[in-house]
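Student: To be precise about what I am sending: the file is called final18.txt and holds compact mmCIF, C-alpha atoms (C1' of nucleotides).
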# COMPACT_ATOMS: atom_id res chain seq x y z
CA MET A 1 -22.02 -5.85 -9.97
CA SER A 2 -20.11 -4.04 -7.30
CA ARG A 3 -16.80 -2.25 -7.22
CA PRO A 4 -13.73 -4.22 -6.24
CA LEU A 5 -13.21 -4.97 -2.58
CA ARG A 6 -10.16 -3.43 -1.05
CA GLU A 7 -7.64 -5.65 0.60
CA PRO A 8 -8.80 -5.31 4.22
CA SER A 9 -12.44 -6.02 3.40
CA TYR A 10 -11.47 -8.88 1.14
CA PHE A 11 -9.49 -10.56 3.90
CA VAL A 12 -12.27 -10.06 6.42
CA LEU A 13 -14.59 -12.03 4.15
CA ALA A 14 -11.88 -14.60 3.44
CA ALA A 15 -11.35 -15.15 7.16
CA LEU A 16 -14.98 -16.18 7.56
CA ILE A 17 -15.08 -18.83 4.85
CA ASP A 18 -14.26 -21.58 7.33
CA GLY A 19 -16.95 -20.44 9.74
CA PRO A 20 -18.11 -17.57 11.94
CA LEU A 21 -15.60 -15.59 13.98
CA HIS A 22 -15.83 -12.55 16.22
CA GLY A 23 -13.95 -9.33 15.50
CA TYR A 24 -10.77 -9.90 17.39
CA ALA A 25 -10.48 -13.46 16.05
CA ILE A 26 -10.83 -12.09 12.53
CA LEU A 27 -7.85 -9.85 13.19
CA LYS A 28 -5.70 -12.85 14.01
CA GLN A 29 -7.10 -15.01 11.23
CA VAL A 30 -6.39 -12.33 8.62
CA LEU A 31 -2.85 -12.02 9.89
CA GLU A 32 -2.40 -15.76 9.52
CA LEU A 33 -4.10 -16.07 6.12
CA SER A 34 -1.99 -13.25 4.72
CA ASP A 35 1.19 -14.78 6.09
CA GLY A 36 1.65 -11.90 8.51
CA ARG A 37 1.36 -9.19 5.88
CA VAL A 38 -2.10 -7.79 6.57
CA ARG A 39 -2.47 -6.34 10.05
CA LEU A 40 -5.89 -4.72 10.33
CA SER A 41 -6.38 -1.79 12.66
CA THR A 42 -9.52 -1.98 14.75
CA GLY A 43 -10.75 1.15 13.04
CA THR A 44 -10.58 -0.63 9.72
CA LEU A 45 -12.05 -3.84 11.10
CA TYR A 46 -15.16 -2.56 12.82
CA GLY A 47 -15.84 -0.11 10.05
CA ALA A 48 -15.62 -2.92 7.52
CA LEU A 49 -17.83 -5.23 9.59
CA GLU A 50 -20.52 -2.59 9.75
CA ARG A 51 -20.32 -1.79 6.06
CA LEU A 52 -20.20 -5.40 4.89
CA THR A 53 -23.18 -6.17 7.09
CA ALA A 54 -25.11 -3.27 5.61
CA ASP A 55 -24.23 -4.59 2.15
CA GLY A 56 -25.63 -8.01 3.03
CA LEU A 57 -22.31 -9.83 2.83
CA LEU A 58 -22.13 -10.56 6.55
CA LEU A 59 -24.63 -11.61 9.16
CA PRO A 60 -23.90 -10.58 12.75
CA GLY A 61 -24.78 -12.98 15.53
CA ALA A 62 -26.06 -12.11 18.97
CA GLU A 63 -23.66 -10.65 21.48
CA GLU A 64 -22.55 -13.20 24.03
CA VAL A 65 -20.28 -12.91 27.02
CA VAL A 66 -17.32 -15.30 27.22
CA GLU A 67 -15.14 -15.17 30.32
CA GLY A 68 -16.42 -11.77 31.21
CA ARG A 69 -15.80 -10.32 27.74
CA PRO A 70 -18.48 -9.48 25.21
CA ARG A 71 -18.26 -11.01 21.76
CA ARG A 72 -20.19 -10.85 18.56
CA ALA A 73 -19.60 -13.44 15.86
CA TYR A 74 -20.08 -12.67 12.18
CA SER A 75 -20.84 -15.19 9.47
CA LEU A 76 -20.69 -15.04 5.68
CA THR A 77 -23.99 -14.84 3.86
CA PRO A 78 -24.38 -16.71 0.56
CA THR A 79 -24.04 -13.31 -1.11
CA GLY A 80 -20.84 -12.72 0.83
CA LEU A 81 -19.40 -16.05 -0.27
CA THR A 82 -20.28 -15.28 -3.87
CA ALA A 83 -18.71 -11.83 -3.59
CA VAL A 84 -15.42 -13.02 -2.14
CA THR A 85 -15.18 -15.82 -4.69
CA ALA A 86 -15.84 -13.45 -7.57
CA GLU A 87 -13.25 -11.09 -6.14
CA ALA A 88 -10.69 -13.88 -5.98
CA GLU A 89 -11.24 -14.56 -9.66
CA ARG A 90 -10.82 -10.89 -10.48
CA LEU A 91 -7.57 -10.78 -8.51
CA GLU A 92 -6.27 -13.83 -10.24
CA ALA A 93 -7.13 -12.47 -13.68
CA ALA A 94 -5.40 -9.18 -12.84
CA ALA A 95 -2.33 -11.03 -11.58
CA ARG A 96 -2.15 -13.05 -14.79
CA VAL A 97 -2.13 -9.93 -16.94
CA VAL A 98 1.12 -8.81 -15.38
CA MET A 99 2.70 -12.22 -14.96
CA ALA A 100 2.11 -13.12 -18.60
CA ARG A 101 3.99 -9.99 -19.62
CA THR A 102 6.92 -10.26 -17.30
CA SER A 103 7.71 -13.91 -16.74
CA ILE A 104 7.51 -15.31 -20.24
CA VAL A 105 10.74 -16.92 -21.29
CA ARG A 106 11.21 -16.33 -24.96
CA VAL A 107 11.34 -19.68 -26.71
CA SER A 108 11.49 -18.48 -30.29
CA PRO A 109 14.90 -18.86 -31.92
CA ALA A 110 17.35 -16.02 -32.16
CA MET B 1 7.29 -1.59 1.24
CA SER B 2 4.32 0.35 0.07
CA ARG B 3 0.62 -0.05 0.47
CA PRO B 4 -1.26 -2.10 -2.09
CA LEU B 5 -2.02 -0.46 -5.41
CA ARG B 6 -5.66 -0.05 -6.18
CA GLU B 7 -7.03 -1.55 -9.33
CA PRO B 8 -6.90 1.55 -11.58
CA SER B 9 -3.28 2.35 -10.68
CA TYR B 10 -2.30 -1.28 -11.03
CA PHE B 11 -3.68 -1.46 -14.55
CA VAL B 12 -2.01 1.79 -15.54
CA LEU B 13 1.34 0.27 -14.65
CA ALA B 14 0.39 -3.02 -16.30
CA ALA B 15 -0.47 -1.21 -19.52
CA LEU B 16 3.05 0.16 -19.73
CA ILE B 17 4.93 -3.11 -19.39
CA ASP B 18 5.11 -3.56 -23.16
CA GLY B 19 6.42 -0.04 -23.68
CA PRO B 20 5.59 3.64 -23.25
CA LEU B 21 2.12 4.92 -24.03
CA HIS B 22 0.42 8.28 -23.74
CA GLY B 23 -2.62 8.85 -21.53
CA TYR B 24 -5.41 8.19 -23.95
CA ALA B 25 -3.68 5.07 -25.26
CA ILE B 26 -3.39 3.81 -21.68
CA LEU B 27 -7.15 4.14 -21.35
CA LYS B 28 -7.69 1.82 -24.28
CA GLN B 29 -4.94 -0.58 -23.31
CA VAL B 30 -6.35 -0.98 -19.81
CA LEU B 31 -9.77 -1.66 -21.26
CA GLU B 32 -8.28 -4.36 -23.45
CA LEU B 33 -6.07 -5.92 -20.78
CA SER B 34 -8.96 -6.13 -18.37
CA ASP B 35 -11.19 -7.71 -20.98
CA GLY B 36 -13.43 -4.64 -21.04
CA ARG B 37 -13.98 -4.56 -17.28
CA VAL B 38 -11.84 -1.62 -16.23
CA ARG B 39 -12.86 1.64 -17.86
CA LEU B 40 -10.78 4.45 -16.34
CA SER B 41 -12.21 7.93 -16.15
CA THR B 42 -9.81 10.65 -17.18
CA GLY B 43 -9.98 12.01 -13.67
CA THR B 44 -8.66 8.73 -12.37
CA LEU B 45 -6.10 8.41 -15.13
CA TYR B 46 -4.38 11.77 -14.96
CA GLY B 47 -4.50 11.76 -11.19
CA ALA B 48 -2.85 8.36 -11.16
CA LEU B 49 -0.21 9.37 -13.71
CA GLU B 50 0.76 12.34 -11.58
CA ARG B 51 0.89 10.36 -8.38
CA LEU B 52 2.75 7.40 -9.83
CA THR B 53 5.26 9.79 -11.35
CA ALA B 54 5.76 11.50 -8.00
CA ASP B 55 6.30 8.06 -6.46
CA GLY B 56 9.00 7.26 -9.00
CA LEU B 57 7.11 4.45 -10.70
CA LEU B 58 6.61 6.32 -13.97
CA LEU B 59 8.77 8.57 -16.07
CA PRO B 60 6.98 11.13 -18.23
CA GLY B 61 8.40 11.89 -21.67
CA ALA B 62 8.43 15.24 -23.39
CA GLU B 63 5.23 16.57 -24.85
CA GLU B 64 5.08 16.12 -28.58
CA VAL B 65 2.47 17.12 -31.12
CA VAL B 66 1.09 14.41 -33.37
CA GLU B 67 -1.36 15.43 -36.07
CA GLY B 68 -2.12 18.64 -34.30
CA ARG B 69 -2.76 17.02 -30.94
CA PRO B 70 -0.43 17.18 -27.97
CA ARG B 71 0.73 13.95 -26.39
CA ARG B 72 2.86 12.91 -23.50
CA ALA B 73 4.11 9.34 -23.26
CA TYR B 74 4.84 7.68 -19.92
CA SER B 75 7.21 4.81 -19.35
CA LEU B 76 7.72 2.39 -16.45
CA THR B 77 10.78 2.94 -14.32
CA PRO B 78 12.64 -0.10 -12.96
CA THR B 79 11.00 0.69 -9.63
CA GLY B 80 7.63 0.73 -11.36
CA LEU B 81 8.21 -2.64 -12.95
CA THR B 82 9.27 -4.06 -9.61
CA ALA B 83 6.21 -2.59 -7.94
CA VAL B 84 3.71 -3.94 -10.43
CA THR B 85 5.33 -7.36 -10.38
CA ALA B 86 5.29 -7.47 -6.60
CA GLU B 87 1.67 -6.40 -6.64
CA ALA B 88 0.80 -9.19 -9.06
CA GLU B 89 2.30 -11.68 -6.65
CA ARG B 90 0.33 -10.21 -3.78
CA LEU B 91 -2.87 -10.46 -5.79
CA GLU B 92 -2.19 -14.02 -6.72
CA ALA B 93 -1.45 -14.99 -3.13
CA ALA B 94 -4.67 -13.31 -1.99
CA ALA B 95 -6.66 -15.09 -4.67
CA ARG B 96 -5.20 -18.44 -3.62
CA VAL B 97 -6.29 -17.95 -0.02
CA VAL B 98 -9.91 -17.85 -1.08
CA MET B 99 -9.73 -20.38 -3.90
CA ALA B 100 -8.10 -22.97 -1.69
CA ARG B 101 -11.00 -22.66 0.72
CA THR B 102 -13.86 -22.69 -1.72
CA SER B 103 -12.96 -24.79 -4.72
CA ILE B 104 -11.71 -27.94 -3.04
CA VAL B 105 -13.73 -30.91 -4.17
CA ARG B 106 -14.12 -33.28 -1.29
CA VAL B 107 -12.68 -36.62 -2.30
CA SER B 108 -13.08 -38.42 0.99
CA PRO B 109 -15.78 -41.13 0.93
CA ALA B 110 -19.27 -40.54 2.19
C1' DT C 1 -22.34 21.91 -39.26
C1' DA C 2 -22.55 18.63 -36.17
C1' DC C 3 -20.90 14.67 -34.04
C1' DG C 4 -17.75 11.33 -32.44
C1' DA C 5 -12.90 9.84 -31.74
C1' DC C 6 -8.71 11.69 -30.07
C1' DG C 7 -6.17 14.02 -26.32
C1' DT C 8 -5.15 16.46 -21.92
C1' DG C 9 -6.54 18.45 -17.84
C1' DT C 10 -9.24 20.28 -13.27
C1' DC C 11 -12.50 20.04 -9.55
C1' DG C 12 -15.55 18.55 -5.80
C1' DG C 13 -17.47 14.74 -3.57
C1' DC C 14 -17.12 10.33 -1.49
C1' DA C 15 -15.85 5.70 0.27
C1' DA C 16 -12.61 3.22 2.72
C1' DC C 17 -8.66 2.83 5.23
C1' DC C 18 -5.56 4.29 9.04
C1' DG C 19 -3.77 5.71 13.50
C1' DA C 20 -4.95 7.26 17.80
C1' DT C 21 -7.77 7.01 21.52
C1' DA C 22 -11.21 5.12 24.86
C1' DT C 23 -13.14 1.52 27.76
C1' DA C 24 -13.15 -2.86 30.14
C1' DT C 25 -11.88 -7.81 31.72
C1' DG C 26 -8.54 -11.47 32.90
C1' DG C 27 -4.03 -13.47 33.78
C1' DG C 28 0.82 -13.45 34.87
C1' DG C 29 5.10 -11.53 36.57
C1' DA C 30 7.92 -8.14 39.43
C1' DT D 1 -0.04 -4.96 44.89
C1' DC D 2 0.76 -2.97 40.61
C1' DC D 3 1.61 -2.97 35.98
C1' DC D 4 1.55 -4.78 31.62
C1' DC D 5 -0.12 -7.56 27.96
C1' DA D 6 -3.68 -10.21 25.49
C1' DT D 7 -8.45 -10.13 24.76
C1' DA D 8 -12.48 -7.54 23.03
C1' DT D 9 -15.26 -3.78 21.14
C1' DA D 10 -15.96 0.84 19.59
C1' DT D 11 -15.42 5.94 17.87
C1' DC D 12 -13.21 9.76 15.52
C1' DG D 13 -10.60 12.76 12.47
C1' DG D 14 -7.38 12.80 8.80
C1' DT D 15 -5.71 11.12 4.40
C1' DT D 16 -5.79 8.81 0.10
C1' DG D 17 -7.29 7.61 -4.19
C1' DC D 18 -11.15 6.96 -7.13
C1' DC D 19 -15.13 8.85 -9.64
C1' DG D 20 -18.20 11.68 -12.45
C1' DA D 21 -18.71 15.93 -14.47
C1' DC D 22 -16.91 19.49 -16.73
C1' DA D 23 -13.68 22.21 -19.73
C1' DC D 24 -10.80 22.98 -23.78
C1' DG D 25 -9.12 21.92 -28.30
C1' DT D 26 -7.99 19.10 -32.89
C1' DC D 27 -9.26 16.08 -36.68
C1' DG D 28 -12.15 13.31 -39.80
C1' DT D 29 -16.47 12.37 -41.74
C1' DA D 30 -21.26 12.36 -42.75
Render the structure in this file as structure tokens.

Tutor:
Amino acid sequence: MSRPLREPSYFVLAALIDGPLHGYAILKQVLELSDGRVRLSTGTLYGALERLTADGLLLPGAEEVVEGRPRRAYSLTPTGLTAVTAEAERLEAAARVVMARTSIVRVSPA
Amino acid sequence: MSRPLREPSYFVLAALIDGPLHGYAILKQVLELSDGRVRLSTGTLYGALERLTADGLLLPGAEEVVEGRPRRAYSLTPTGLTAVTAEAERLEAAARVVMARTSIVRVSPA
DNA sequence: TACGACGTGTCGGCAACCGATATATGGGGA
DNA sequence: TCCCCATATATCGGTTGCCGACACGTCGTA
């Protein structure tokens, strides 16, 4: 069992659920998935890609050149999919803890 | 708008929604709220209390001595309550992003 | 008397993020 | 032509916040 993923890493994994993407495309996908809230810096992105790969959550593809620009696509490993799913459940449980204590409308009579 | 709270800080705030608690009681409350998953070290706890106080999310009470032991209770400020609620919504939204992409049962015919 | 629960606190190390910077291609507008 | 912006990858130093270990002290109980 690993420590919780921080938001940037979590969204990197989330961006790859639908299929492999290269770094810059992940940047845009994360922005979209987070409704414009999470704007990854490239320092964060490439650091995370390297780390998540080392942890076995991502699998890097071969570098290919598209329209004169080099690209490298990353895909989720089964471990990565498991990790991001487990993390989503953790987040949801944590959210519930607070919501249950703030949004309950008291129904009991005065 | 601030950066996301990390899990330990988030649970410290969450523990105080029901009312003020002192440090050691927060430790136990967090353990309970998180279903035994989040066990804060005192280093994390007192560091977080200091920081969250400096950020205006917590208000420390006066030190009082109970049964020979000193205590200091902390309470959530309105800003703190707003922050932890907003964070809960962020967490839930993040969880949804992944759940929507992994848990959909395909209904379309083969 | 020793140990564990209670209770607060410090310190150094570390992982991850963040902003700035670097490098390079391709396309479009002034 | 020249400049800027989007595309695309990569490095680096600084900061933040967590983490484990340690320190100090009380109280109850075996």

Student: In Å, rounded to a single decimal, give me how far atom CA of B:Gly47 is from atom CA of B:Leu16.

Tutor: 16.3 Å

Student: When the cut-off is 8 Å and we count all atoms listed in the file, which residues of chain D are near chain B, given as an mmCIF file with C-alpha atoms (C1' of nucleotides), keeping the file's coordinate frame?

Tutor:
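The resulting result_22.cif:
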data_model
loop_
_atom_site.group_PDB
_atom_site.id
_atom_site.type_symbol
_atom_site.label_atom_id
_atom_site.label_comp_id
_atom_site.auth_asym_id
_atom_site.auth_seq_id
_atom_site.Cartn_x
_atom_site.Cartn_y
_atom_site.Cartn_z
ATOM 1 C "C1'" DC D 18 -11.150 6.960 -7.130
ATOM 2 C "C1'" DC D 19 -15.130 8.850 -9.640
ATOM 3 C "C1'" DG D 20 -18.200 11.680 -12.450
ATOM 4 C "C1'" DT D 26 -7.990 19.100 -32.890
ATOM 5 C "C1'" DC D 27 -9.260 16.080 -36.680
#

Student: Pick out the chain C residues within 10 Å of chain B. Count only C-alpha atoms (C1' of nucleotides). Give them as a PyMOL selection string.

Tutor: chain C and resi 6-11

Student: For B:Val98, find every residue with an atom within 10 Å (counting all atoms listed in the file), except residues of its own chain fewer than 5 positions away, and show them as a PDB file with C-alpha atoms, keeping the file's coordinate frame.

Tutor:
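Printed below is result-v5.pdb as written:
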ATOM      1  CA  TYR A  10     -11.470  -8.880   1.140  1.00  0.00           C
ATOM      2  CA  PHE A  11      -9.490 -10.560   3.900  1.00  0.00           C
ATOM      3  CA  LEU A  13     -14.590 -12.030   4.150  1.00  0.00           C
ATOM      4  CA  ALA A  14     -11.880 -14.600   3.440  1.00  0.00           C
ATOM      5  CA  ALA A  15     -11.350 -15.150   7.160  1.00  0.00           C
ATOM      6  CA  ILE A  17     -15.080 -18.830   4.850  1.00  0.00           C
ATOM      7  CA  LEU A  33      -4.100 -16.070   6.120  1.00  0.00           C
ATOM      8  CA  LEU A  81     -19.400 -16.050  -0.270  1.00  0.00           C
ATOM      9  CA  VAL A  84     -15.420 -13.020  -2.140  1.00  0.00           C
ATOM     10  CA  THR A  85     -15.180 -15.820  -4.690  1.00  0.00           C
ATOM     11  CA  ALA A  86     -15.840 -13.450  -7.570  1.00  0.00           C
ATOM     12  CA  GLU A  87     -13.250 -11.090  -6.140  1.00  0.00           C
ATOM     13  CA  ALA A  88     -10.690 -13.880  -5.980  1.00  0.00           C
ATOM     14  CA  GLU A  89     -11.240 -14.560  -9.660  1.00  0.00           C
TER      15      GLU A  89
ATOM     16  CA  ALA B  93      -1.450 -14.990  -3.130  1.00  0.00           C
ATOM     17  CA  SER B 103     -12.960 -24.790  -4.720  1.00  0.00           C
TER      18      SER B 103
END

Student: Which is closer to C:DT23 than all the others in D:DA30, D:DG14, D:DA23, D:DT9, using only C-alpha atoms (C1' of nucleotides)?

Tutor: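 That would be D:DT9, the residue with the smallest distance to C:DT23.
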
Student: So how far away is atom C1' of D:DG13 from atom CA of B:Glu50, in Å?

Tutor: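 It comes out at 26.6 Å.
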
Student: Could you pull out every residue with an atom within 10 Å of (-21.6, 13.0, -33.7), file coordinates, counting all atoms listed in the file, and send them as a list in words?

Tutor: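 Using all atoms listed in the file, the matching residues come out as DA2, DC3, DG4 and DA5 of chain C; DT29 and DA30 of chain D.
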
Student: Do a neighbour search on C:DA22 at 12 Å with all atoms listed in the file, toss out local chain neighbours closer than 6 positions, and write the hits as a list of chain:residue names.

Tutor: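 Neighbouring residues, sequence-local ones excluded: D:DT9, D:DA10, D:DT11, D:DC12.
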
Student: Could you check how far atom C1' of C:DC18 sits from atom C1' of D:DT15, in Å to one decimal?

Tutor: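 Going from atom C1' of C:DC18 over to atom C1' of D:DT15, I get 8.3 Å.
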
Student: With distances taken over only C-alpha atoms, which residue among A:Leu57, A:Leu27, A:Val12, A:Leu49 lies nearest chain B?

Tutor: A:Val12

Student: Extract, using all atoms listed in the file, all DNA, RNA and protein residues at most 12 Å from D:DC3, discarding same-chain residues fewer than 6 positions from it, and format them as a PyMOL selection string.

Tutor: chain C and resi 28-30

Student: Saving chain D with C-alpha atoms (C1' of nucleotides), as a short mmCIF file (atom, residue, chain, number, x, y, z; two decimals), in the first residue's frame, what would that file be?

Tutor:
data_model
loop_
_atom_site.label_atom_id
_atom_site.label_comp_id
_atom_site.auth_asym_id
_atom_site.auth_seq_id
_atom_site.Cartn_x
_atom_site.Cartn_y
_atom_site.Cartn_z
"C1'" DT D 1 11.18 38.88 -43.08
"C1'" DC D 2 10.51 38.79 -38.34
"C1'" DC D 3 8.20 37.81 -34.36
"C1'" DC D 4 5.12 35.44 -31.67
"C1'" DC D 5 2.45 31.59 -30.28
"C1'" DA D 6 1.36 26.65 -30.01
"C1'" DT D 7 3.65 22.40 -29.90
"C1'" DA D 8 7.01 19.41 -27.51
"C1'" DT D 9 10.53 17.87 -24.23
"C1'" DA D 10 13.73 18.57 -20.55
"C1'" DT D 11 16.55 20.42 -16.34
"C1'" DC D 12 17.29 22.94 -12.07
"C1'" DG D 13 16.92 25.22 -7.63
"C1'" DG D 14 13.76 26.60 -4.17
"C1'" DT D 15 9.85 25.73 -1.18
"C1'" DT D 16 6.43 23.17 1.18
"C1'" DG D 17 4.60 19.87 3.97
"C1'" DC D 18 4.97 15.29 5.66
"C1'" DC D 19 7.46 11.77 8.33
"C1'" DG D 20 10.07 9.29 11.85
"C1'" DA D 21 12.70 9.82 15.75
"C1'" DC D 22 13.49 11.93 19.75
"C1'" DA D 23 12.61 14.63 24.07
"C1'" DC D 24 10.02 15.89 28.20
"C1'" DG D 25 6.51 15.22 31.62
"C1'" DT D 26 1.96 13.37 34.09
"C1'" DC D 27 -1.16 9.72 35.52
"C1'" DG D 28 -2.95 5.04 36.34
"C1'" DT D 29 -2.15 0.32 36.99
"C1'" DA D 30 -0.03 -4.08 37.29
#
